[in-house]
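Just below is one structure, and these are the notes that go with it.
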Amino acid sequence: MLAKVSSFGLKGIDGFPVEVETDITNGLPHFDVVGLADTAIKEAKERVRSAIRNSGYEYPIKRITINLAPADVKKEGALYDLSMAVAIISLNKDSKLKNVEDYCYLGELSLDGQVKKVKGVLPILISARKLGYKKFIIPFDNAIEASFIEGIDVFPVKSLTECIDFLEGKAELEKVKVGNYQKEIIAHTAVLDFCHVKGQERAKRALEIAAAGGHNVIMIGPPGSGKSMLAKCFPSILPDMTFEEALETTKIHSVAGELDLKKGILAIRPFRSPHHTASTVSLTGGGNGSKAGEISLAHNGVLFLDEMPEYSRHTIETLRQPLEDGVITVARANSTITYPANFMLIASMNPCPCGNFGSKLKECTCTPNQIHKYLAKLSGPIMDRIDIHIEVDNVTYDDLKNGKEEEKSSSIKARVDKARDIQLKRFKNTKIYYNSKMGVAKTKEFCKLDKNSDDLLRMAFEKLKLSARAHDRILRVARTIADLEGEENILPQHIAEAISYRSLDRKYWG
Ligand SMILES: Nc1ncnc2c1ncn2[C@@H]1O[C@H](COP(=O)(O)OP(=O)(O)O)[C@@H](O)[C@H]1O
Ligand SMILES: [Mg+2]
């Protein structure tokens with residue numbers, strides 16, 4: 001007797017259909033799972049057997065063989081449990097199950113027959129919908145996550161019994177209602193607001209430009225000058241994520257098991273701040289299970305590397321490729337997986353071991369050699385990929401205590417939003433959303449300079465010994481500054497300001 005039940009597997013952040021072919025024959029009692037299954041799946045037999053028995057269904061004392069097709073693709077995790085149990089129960093000789101093949105089943109089983117949450121429900125449903133699958137039975141705990149996908153019928157279940165009762169027509173299941181993404185955005189309130197940061201006008205301005213054009217930033221300055229504080233305020237001025245962006249980001253978090261299942265979708269841009277002791281693999285992804293790393297979890301949001309020179313040199317260098325391409329490819333047993341990794345890098349650092357080199361208020365006690373060694377931890381190619389460098393010095397007592405009201409994040413964000421709108425129009429019908437992502441051709445097209453601006457840039461290029469990459473990045477930053485002012489053309493003052501954000505190249509690394 002043979003049954004075929006539909007389920008789905010995960011490769012990276014995409015789902016692929018898996019046919020759970022179940023064959024029960026007479027013979028010595030035995031349960032075998034074939035089809036490139038990992039250990040979690042091999043252990044499914046114990047869970048499936050106990051769950052069926054403890055839910056009060058008959059478990060056949062026969063030879064059970066389950067093939068997960070296609071057999072040549074590696075399958076991982078416990079999400080096939082439910083489909084296996086349904087297949088086995090459907091083969092009981094007095095089974096009353098109807099329309100089993102109409103549904104796609106996802107879910108892990110506990111020994112007592114509860115259906116437990118699984119990772120990757122959102123990406124699976126998105127892939128399945130594309131392939132024309134319409135009806136799904138999934139774990140109750142994943143219901144909110146599933147609610148953001150329109151055009152399919154999703155039935156959440158808490159237990160195997162609920163699922164079987166439904167398939168026998170004994171009980172109804174309530175379909176998941178479509179979720180409201182806008183409500184999720186509004187429900188969120190920013191934690192840290194720029195109005196609490198006194199002074200630091202230049203740093204705030206630079207972060208505003210970064211938010212508007214999606215530029216990478218490094219802040220350099222003595223300890224206690226507020227670098228970490230500024231970085232933590234940064235998400236409060238980022239534009240809201242579009243629904244498409246939110247789905248893209250949520251996919252990654254769902255697969256990594258990092259999604260808050262009570263919310264079901266990431267409505268705010270992620271802000272990831274891995275500690276400097278974190279391994280390279282935890283940052284970039286890969287390793288056991290080819291998991292997504294921090295840089296992918298930061299997709300469409302911010303990766304904050306506090307005290308960047310403290311990270312291992314190897315870790316920092318690995319960021320070069322994703323910083324350029326917006327994706328990262330990690331090795332898997334016999335294939336590779338590509339994860340999106342389109343993040344904004346916000347980095348901070350002290351300028352030297354004691355932290356006071358370059359400060360107007362404090363004396364540096366380091367030798368030139370020490371300073372040089374410290375800065376050399378960030379290589380030229382990495383600095384090249386950071387569009388905006390800013391010095392942050394300690395606030396003065398007057399700035400701290402002047403009682404002046406600082407601008408709120410919401411009004412900075414309004415300007416950022418406006419500049420982003422201009423960019424969205426500019427890049428309509430392309431895969432680009434903001435200036436920092438312009439390639440060579442687009443940079444040429446949209447960053448034309450008049451004679452004066454060009455002279456300025458030439459001077460800086462020669463004096464600062466800039467690379468071609470840095471040259472293009474200055475143009476893109478200038479484009480963003482012009483957008484913030486609503487200027488169609490890049491003017492000399494825009495180029496001048498953009499150049500000023502590269503002057504650290506000379507001061508510290510020159
Ligand atoms: N400009 C500022 N306005 C208000 N408070 C500040 C400012 N700069 C620093 N602080 C205070 O000093 C603390 C330490 O700043 P922090 O961001 O950790 O500095 P850094 O990361 O540069 O070492 C902050 O938590 C904040 O309380
Ligand atoms: Mg800090």
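Following the order of the structure tokens, first chain is A, next is B, and so on, with residues numbered from 1 inside each chain and ligands from 1 in the order they appear.
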
Would you write out, as CSV, a table of all residues in chain A that have an atom no more than 6 Å from an atom of ligand 1, listing for each the closest atom pair and the distance in Å to one decimal, considering only C-alpha atoms and all ligand atoms and ordering rows by chain and rising residue number?
residue,atom,partner,partner_atom_place_in_ligand_line,distance
A:His196,CA,ligand 1,4 (C),5.9
A:Val197,CA,ligand 1,3 (N),3.8
A:Lys198,CA,ligand 1,3 (N),3.7
A:Gly199,CA,ligand 1,1 (N),5.4
A:Gln200,CA,ligand 1,1 (N),5.8
A:Pro223,CA,ligand 1,23 (O),3.6
A:Gly224,CA,ligand 1,19 (O),3.4
A:Ser225,CA,ligand 1,22 (O),3.9
A:Gly226,CA,ligand 1,17 (O),3.1
A:Lys227,CA,ligand 1,22 (O),3.7
A:Ser228,CA,ligand 1,17 (O),3.7
A:Met229,CA,ligand 1,17 (O),3.7
A:Val395,CA,ligand 1,1 (N),5.4

- From a DSSP calculation on the backbone, collect every residue of stretch 33-106 of chain A in strand (DSSP E or B) and output the set as an NGL selection string. :A and (33-34 or 37 or 63-69 or 75 or 103-105)

- At what distance in Å, to one decimal, does atom CA of A:Leu10 lie from atom CA of A:Glu168?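 Those two atoms sit 29.1 Å apart.
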
- Message: What does the list of residues within 12 Å of ligand 2 look like if you count only C-alpha atoms and all ligand atoms, written as a list in words?
- Response: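 What falls inside 12 Å of ligand 2 is Met219, Ile220, Gly221, Pro222, Pro223, Gly224, Ser225, Gly226, Lys227, Ser228, Met229, Leu230, Ala231, Lys232, Ser273, His275, Phe304, Leu305, Asp306, Glu307, Met308, Glu310, Ala347, Ser348, Met349, Asn350, Gly355 and Val392 of chain A.
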
- Item | alpha helix (DSSP H) positions in stretch 335-398 of chain A, given as a PyMOL selection string | chain A and resi 368-375+380-384+397-398

Just to be explicit: take each residue in the selection above, keep N, CA and C atoms, and write the result as a PDB file, in the first residue's frame.
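And here's result_7.pdb as it stands now:
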ATOM      1  N   PRO A 368      53.771  56.597  18.019  1.00  0.00           N
ATOM      2  CA  PRO A 368      53.316  56.563  16.625  1.00  0.00           C
ATOM      3  C   PRO A 368      53.204  55.139  16.101  1.00  0.00           C
ATOM      4  N   ASN A 369      54.123  54.293  16.541  1.00  0.00           N
ATOM      5  CA  ASN A 369      54.104  52.907  16.099  1.00  0.00           C
ATOM      6  C   ASN A 369      52.843  52.183  16.568  1.00  0.00           C
ATOM      7  N   GLN A 370      52.486  52.425  17.832  1.00  0.00           N
ATOM      8  CA  GLN A 370      51.270  51.808  18.383  1.00  0.00           C
ATOM      9  C   GLN A 370      50.039  52.268  17.606  1.00  0.00           C
ATOM     10  N   ILE A 371      50.011  53.565  17.337  1.00  0.00           N
ATOM     11  CA  ILE A 371      48.860  54.114  16.614  1.00  0.00           C
ATOM     12  C   ILE A 371      48.772  53.482  15.231  1.00  0.00           C
ATOM     13  N   HIS A 372      49.931  53.413  14.593  1.00  0.00           N
ATOM     14  CA  HIS A 372      49.962  52.870  13.243  1.00  0.00           C
ATOM     15  C   HIS A 372      49.466  51.424  13.225  1.00  0.00           C
ATOM     16  N   LYS A 373      49.943  50.641  14.205  1.00  0.00           N
ATOM     17  CA  LYS A 373      49.569  49.233  14.258  1.00  0.00           C
ATOM     18  C   LYS A 373      48.063  49.078  14.499  1.00  0.00           C
ATOM     19  N   TYR A 374      47.552  49.953  15.336  1.00  0.00           N
ATOM     20  CA  TYR A 374      46.128  49.876  15.675  1.00  0.00           C
ATOM     21  C   TYR A 374      45.260  50.151  14.449  1.00  0.00           C
ATOM     22  N   LEU A 375      45.619  51.222  13.740  1.00  0.00           N
ATOM     23  CA  LEU A 375      44.821  51.610  12.570  1.00  0.00           C
ATOM     24  C   LEU A 375      44.980  50.615  11.432  1.00  0.00           C
ATOM     25  N   GLY A 380      43.172  49.100   3.788  1.00  0.00           N
ATOM     26  CA  GLY A 380      42.740  50.070   2.794  1.00  0.00           C
ATOM     27  C   GLY A 380      41.469  49.650   2.069  1.00  0.00           C
ATOM     28  N   PRO A 381      41.415  48.403   1.575  1.00  0.00           N
ATOM     29  CA  PRO A 381      40.209  47.975   0.861  1.00  0.00           C
ATOM     30  C   PRO A 381      38.933  48.078   1.702  1.00  0.00           C
ATOM     31  N   ILE A 382      39.066  47.868   3.005  1.00  0.00           N
ATOM     32  CA  ILE A 382      37.871  47.984   3.854  1.00  0.00           C
ATOM     33  C   ILE A 382      37.484  49.456   3.992  1.00  0.00           C
ATOM     34  N   MET A 383      38.479  50.310   4.284  1.00  0.00           N
ATOM     35  CA  MET A 383      38.179  51.737   4.428  1.00  0.00           C
ATOM     36  C   MET A 383      37.587  52.298   3.135  1.00  0.00           C
ATOM     37  N   ASP A 384      38.061  51.762   2.030  1.00  0.00           N
ATOM     38  CA  ASP A 384      37.571  52.170   0.716  1.00  0.00           C
ATOM     39  C   ASP A 384      36.073  51.946   0.561  1.00  0.00           C
ATOM     40  N   TYR A 397      31.338  70.577  27.944  1.00  0.00           N
ATOM     41  CA  TYR A 397      30.409  70.743  29.057  1.00  0.00           C
ATOM     42  C   TYR A 397      29.246  71.642  28.650  1.00  0.00           C
ATOM     43  N   ASP A 398      29.579  72.689  27.881  1.00  0.00           N
ATOM     44  CA  ASP A 398      28.540  73.630  27.454  1.00  0.00           C
ATOM     45  C   ASP A 398      27.484  72.949  26.586  1.00  0.00           C
TER      46      ASP A 398
END

- Task: Tell me, as a PyMOL selection string, which residues lie within 12 Å of A:Lys451, counting only C-alpha atoms; anything in the same chain fewer than 2 positions away does not count.
- Result: chain A and resi 448-449+453-458+490-492+495

- Of A:Glu184, A:Glu19, A:Glu174, A:Asp81, the one nearest to A:Asp153 when counting only C-alpha atoms is A:Glu174

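For the pair atom CA of A:Phe194 and atom CA of A:Ser409, the separation is 5.2 Å.
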
- Task: May I ask for the distance between atom CA of A:Lys117 and atom CA of A:Ile66, given in Å to one decimal place?
- Result: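 It comes out at 22.3 Å.
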
- Item | Residue neighbourhood A:Pro139, 12 Å, only C-alpha atoms, exclusion window fewer than 4 positions, as a PyMOL selection string | chain A and resi 79-83+104-110+113-121+143-146+154-160+162-163+176+261

Dump as a CSV table (one decimal), in the first residue's frame, selection limited to N, CA, C and O atoms:
chain,number,residue,atom,x,y,z
A,79,LEU,N,10.6,19.0,10.1
A,79,LEU,CA,9.4,19.5,9.6
A,79,LEU,C,8.5,18.5,8.8
A,79,LEU,O,7.4,18.7,8.5
A,80,TYR,N,9.1,17.3,8.5
A,80,TYR,CA,8.4,16.3,7.8
A,80,TYR,C,7.6,15.4,8.7
A,80,TYR,O,6.8,14.5,8.2
A,81,ASP,N,7.7,15.5,10.0
A,81,ASP,CA,7.0,14.6,10.9
A,81,ASP,C,5.6,14.5,10.6
A,81,ASP,O,5.0,13.4,10.5
A,82,LEU,N,4.9,15.6,10.5
A,82,LEU,CA,3.4,15.6,10.4
A,82,LEU,C,3.0,14.9,9.1
A,82,LEU,O,2.1,14.1,9.1
A,83,SER,N,3.7,15.2,8.0
A,83,SER,CA,3.4,14.6,6.7
A,83,SER,C,3.6,13.1,6.8
A,83,SER,O,2.7,12.3,6.3
A,104,CYS,N,-0.6,20.5,1.9
A,104,CYS,CA,0.8,20.4,2.1
A,104,CYS,C,1.0,20.5,3.6
A,104,CYS,O,0.4,21.3,4.3
A,105,TYR,N,1.8,19.6,4.2
A,105,TYR,CA,1.9,19.5,5.6
A,105,TYR,C,3.3,19.9,6.1
A,105,TYR,O,4.3,19.4,5.6
A,106,LEU,N,3.3,20.7,7.1
A,106,LEU,CA,4.6,21.1,7.8
A,106,LEU,C,4.4,21.0,9.3
A,106,LEU,O,3.4,21.4,9.8
A,107,GLY,N,5.4,20.4,10.0
A,107,GLY,CA,5.3,20.4,11.4
A,107,GLY,C,6.1,19.3,12.0
A,107,GLY,O,6.2,18.2,11.5
A,108,GLU,N,6.7,19.6,13.2
A,108,GLU,CA,7.4,18.6,14.0
A,108,GLU,C,6.4,18.0,15.0
A,108,GLU,O,5.5,18.7,15.5
A,109,LEU,N,6.5,16.8,15.3
A,109,LEU,CA,5.7,16.1,16.3
A,109,LEU,C,6.4,15.9,17.6
A,109,LEU,O,7.6,15.6,17.6
A,110,SER,N,5.7,16.1,18.7
A,110,SER,CA,6.3,15.7,20.0
A,110,SER,C,5.7,14.3,20.3
A,110,SER,O,4.8,13.8,19.6
A,113,GLY,N,2.1,13.8,20.6
A,113,GLY,CA,1.2,14.1,19.4
A,113,GLY,C,0.9,15.6,19.3
A,113,GLY,O,0.1,16.0,18.4
A,114,GLN,N,1.6,16.5,20.0
A,114,GLN,CA,1.5,17.9,19.8
A,114,GLN,C,2.3,18.2,18.5
A,114,GLN,O,3.3,17.6,18.2
A,115,VAL,N,1.8,19.3,17.8
A,115,VAL,CA,2.5,19.7,16.6
A,115,VAL,C,3.3,21.0,17.0
A,115,VAL,O,2.8,22.0,17.5
A,116,LYS,N,4.6,20.8,16.8
A,116,LYS,CA,5.5,21.9,17.3
A,116,LYS,C,6.0,22.8,16.1
A,116,LYS,O,6.1,22.4,15.0
A,117,LYS,N,6.3,24.1,16.5
A,117,LYS,CA,6.7,25.0,15.5
A,117,LYS,C,7.9,24.6,14.7
A,117,LYS,O,8.7,23.8,15.2
A,118,VAL,N,8.0,25.0,13.5
A,118,VAL,CA,9.2,24.7,12.7
A,118,VAL,C,9.8,26.0,12.1
A,118,VAL,O,9.1,27.1,12.1
A,119,LYS,N,11.1,25.9,11.7
A,119,LYS,CA,11.7,27.1,11.1
A,119,LYS,C,11.3,27.2,9.6
A,119,LYS,O,11.1,26.2,8.9
A,120,GLY,N,11.3,28.4,9.1
A,120,GLY,CA,11.2,28.6,7.6
A,120,GLY,C,9.9,28.6,7.0
A,120,GLY,O,9.7,28.4,5.8
A,121,VAL,N,8.8,28.7,7.8
A,121,VAL,CA,7.4,28.6,7.3
A,121,VAL,C,7.2,29.7,6.2
A,121,VAL,O,6.6,29.4,5.2
A,143,ALA,N,1.3,30.3,12.9
A,143,ALA,CA,0.2,30.9,12.1
A,143,ALA,C,0.4,32.4,11.8
A,143,ALA,O,0.0,32.8,10.7
A,144,ILE,N,0.9,33.2,12.7
A,144,ILE,CA,1.0,34.6,12.5
A,144,ILE,C,2.0,34.9,11.4
A,144,ILE,O,1.7,35.7,10.5
A,145,GLU,N,3.1,34.2,11.4
A,145,GLU,CA,4.1,34.3,10.3
A,145,GLU,C,3.4,34.0,9.0
A,145,GLU,O,3.7,34.7,8.0
A,146,ALA,N,2.5,33.0,8.9
A,146,ALA,CA,1.9,32.6,7.7
A,146,ALA,C,0.9,33.6,7.2
A,146,ALA,O,0.5,33.7,6.0
A,154,VAL,N,-4.4,28.6,4.7
A,154,VAL,CA,-3.5,28.0,5.7
A,154,VAL,C,-4.3,27.6,6.9
A,154,VAL,O,-5.1,28.4,7.5
A,155,PHE,N,-4.2,26.3,7.4
A,155,PHE,CA,-4.9,25.8,8.5
A,155,PHE,C,-3.9,25.5,9.6
A,155,PHE,O,-3.2,24.5,9.4
A,156,PRO,N,-3.9,26.2,10.7
A,156,PRO,CA,-3.0,25.9,11.8
A,156,PRO,C,-3.6,24.8,12.7
A,156,PRO,O,-4.7,24.8,13.0
A,157,VAL,N,-2.7,23.9,13.1
A,157,VAL,CA,-3.1,22.8,14.1
A,157,VAL,C,-2.2,22.8,15.3
A,157,VAL,O,-1.0,23.0,15.2
A,158,LYS,N,-2.8,22.4,16.4
A,158,LYS,CA,-2.0,22.3,17.6
A,158,LYS,C,-1.5,20.8,17.9
A,158,LYS,O,-0.6,20.6,18.6
A,159,SER,N,-2.3,19.9,17.3
A,159,SER,CA,-2.0,18.5,17.5
A,159,SER,C,-2.3,17.6,16.3
A,159,SER,O,-3.0,18.0,15.4
A,160,LEU,N,-1.7,16.4,16.3
A,160,LEU,CA,-2.0,15.5,15.3
A,160,LEU,C,-3.5,15.2,15.2
A,160,LEU,O,-4.1,15.0,14.2
A,162,GLU,N,-6.0,17.1,16.0
A,162,GLU,CA,-6.7,18.2,15.3
A,162,GLU,C,-6.6,18.0,13.8
A,162,GLU,O,-7.6,18.2,13.1
A,163,CYS,N,-5.5,17.7,13.4
A,163,CYS,CA,-5.2,17.5,11.9
A,163,CYS,C,-6.0,16.4,11.4
A,163,CYS,O,-6.7,16.5,10.3
A,176,VAL,N,-6.2,30.9,8.6
A,176,VAL,CA,-5.5,32.0,9.1
A,176,VAL,C,-5.9,33.3,8.3
A,176,VAL,O,-6.1,33.2,7.1
A,261,LEU,N,7.8,34.9,16.8
A,261,LEU,CA,6.6,34.3,16.2
A,261,LEU,C,5.3,35.0,16.6
A,261,LEU,O,4.2,34.8,16.0

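Those residues that approach A:Ile346 to within 6 Å, counting only C-alpha atoms, are Asn216, Val217, Ile218 and Phe304 of chain A; same-chain residues fewer than 3 positions away are not listed.
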
- Item | Among the residues A:Gly12, A:Pro70, A:Pro235, A:Pro29, the one that comes closest to A:Leu207 [using only C-alpha atoms] |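 Closest candidate: A:Pro235.
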
- Query: Between A:Ser95, A:Thr161, A:Asn142, A:Asn26, which is the closest to A:Ala51 once you count only C-alpha atoms?
  - Reply: A:Thr161

- Message: With distances taken over only C-alpha atoms, which residue among A:Cys354, A:Leu400, A:Val191, A:Ile41 lies nearest A:Lys75?
- Response: A:Ile41

- Message: Calculated over only C-alpha atoms, which of the candidates A:Tyr501, A:Tyr434, A:Tyr339, A:Tyr59 has the smallest distance to A:Ile13?
- Response: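 That would be A:Tyr339, the residue with the smallest distance to A:Ile13.
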
- Task: Pick out the residues sitting within 10 Å of A:His253, and hand them over as JSON, numbers by chain; count only C-alpha atoms, and ignore anything fewer than 6 positions along from it in its own chain.
- Result: {"A": [13, 119, 120, 122, 123, 247, 259, 260, 265, 266, 270, 292, 296, 297, 298, 299]}

Restrict the selected residues to N, CA, C and O atoms and save them as a short mmCIF file (atom, residue, chain, number, x, y, z; two decimals), in the first residue's frame.
data_model
loop_
_atom_site.label_atom_id
_atom_site.label_comp_id
_atom_site.auth_asym_id
_atom_site.auth_seq_id
_atom_site.Cartn_x
_atom_site.Cartn_y
_atom_site.Cartn_z
N ILE A 13 17.11 30.19 1.71
CA ILE A 13 15.85 30.85 2.04
C ILE A 13 14.77 30.55 1.00
O ILE A 13 13.84 31.32 0.82
N LYS A 119 11.05 25.94 11.65
CA LYS A 119 11.71 27.11 11.06
C LYS A 119 11.35 27.22 9.59
O LYS A 119 11.14 26.20 8.92
N GLY A 120 11.33 28.44 9.08
CA GLY A 120 11.25 28.63 7.63
C GLY A 120 9.86 28.55 7.03
O GLY A 120 9.72 28.36 5.83
N LEU A 122 7.58 30.89 6.55
CA LEU A 122 7.31 31.98 5.60
C LEU A 122 7.98 31.76 4.23
O LEU A 122 7.31 31.80 3.20
N PRO A 123 9.28 31.49 4.20
CA PRO A 123 9.89 31.25 2.88
C PRO A 123 9.29 30.03 2.17
O PRO A 123 9.15 30.05 0.95
N LEU A 247 9.32 41.15 3.79
CA LEU A 247 9.23 39.72 3.53
C LEU A 247 10.61 39.12 3.31
O LEU A 247 10.95 38.07 3.85
N LEU A 259 12.98 34.53 14.28
CA LEU A 259 11.79 35.37 14.12
C LEU A 259 10.94 35.33 15.38
O LEU A 259 10.75 34.27 15.97
N ASP A 260 10.45 36.50 15.78
CA ASP A 260 9.51 36.57 16.90
C ASP A 260 8.15 36.09 16.37
O ASP A 260 7.48 36.80 15.63
N ILE A 265 6.34 38.93 11.50
CA ILE A 265 7.03 39.61 10.41
C ILE A 265 7.95 40.67 11.01
O ILE A 265 7.67 41.20 12.09
N LEU A 266 9.04 40.96 10.33
CA LEU A 266 9.94 42.02 10.80
C LEU A 266 9.48 43.33 10.19
O LEU A 266 9.68 43.55 9.01
N PRO A 270 16.31 45.50 10.69
CA PRO A 270 17.12 44.87 11.72
C PRO A 270 18.35 45.71 12.06
O PRO A 270 18.88 46.42 11.21
N ALA A 292 22.46 31.10 8.20
CA ALA A 292 22.68 32.50 7.82
C ALA A 292 23.43 33.19 8.95
O ALA A 292 23.19 32.92 10.12
N SER A 296 23.64 38.51 7.15
CA SER A 296 22.39 38.23 6.44
C SER A 296 21.19 38.59 7.30
O SER A 296 20.17 39.06 6.81
N LEU A 297 21.33 38.37 8.60
CA LEU A 297 20.24 38.78 9.51
C LEU A 297 20.10 40.30 9.49
O LEU A 297 19.06 40.84 9.84
N ALA A 298 21.17 41.00 9.09
CA ALA A 298 21.12 42.47 9.00
C ALA A 298 20.63 42.94 7.63
O ALA A 298 20.59 44.13 7.36
N HIS A 299 20.25 42.01 6.78
CA HIS A 299 19.79 42.35 5.43
C HIS A 299 18.69 43.41 5.47
O HIS A 299 17.74 43.29 6.23
#
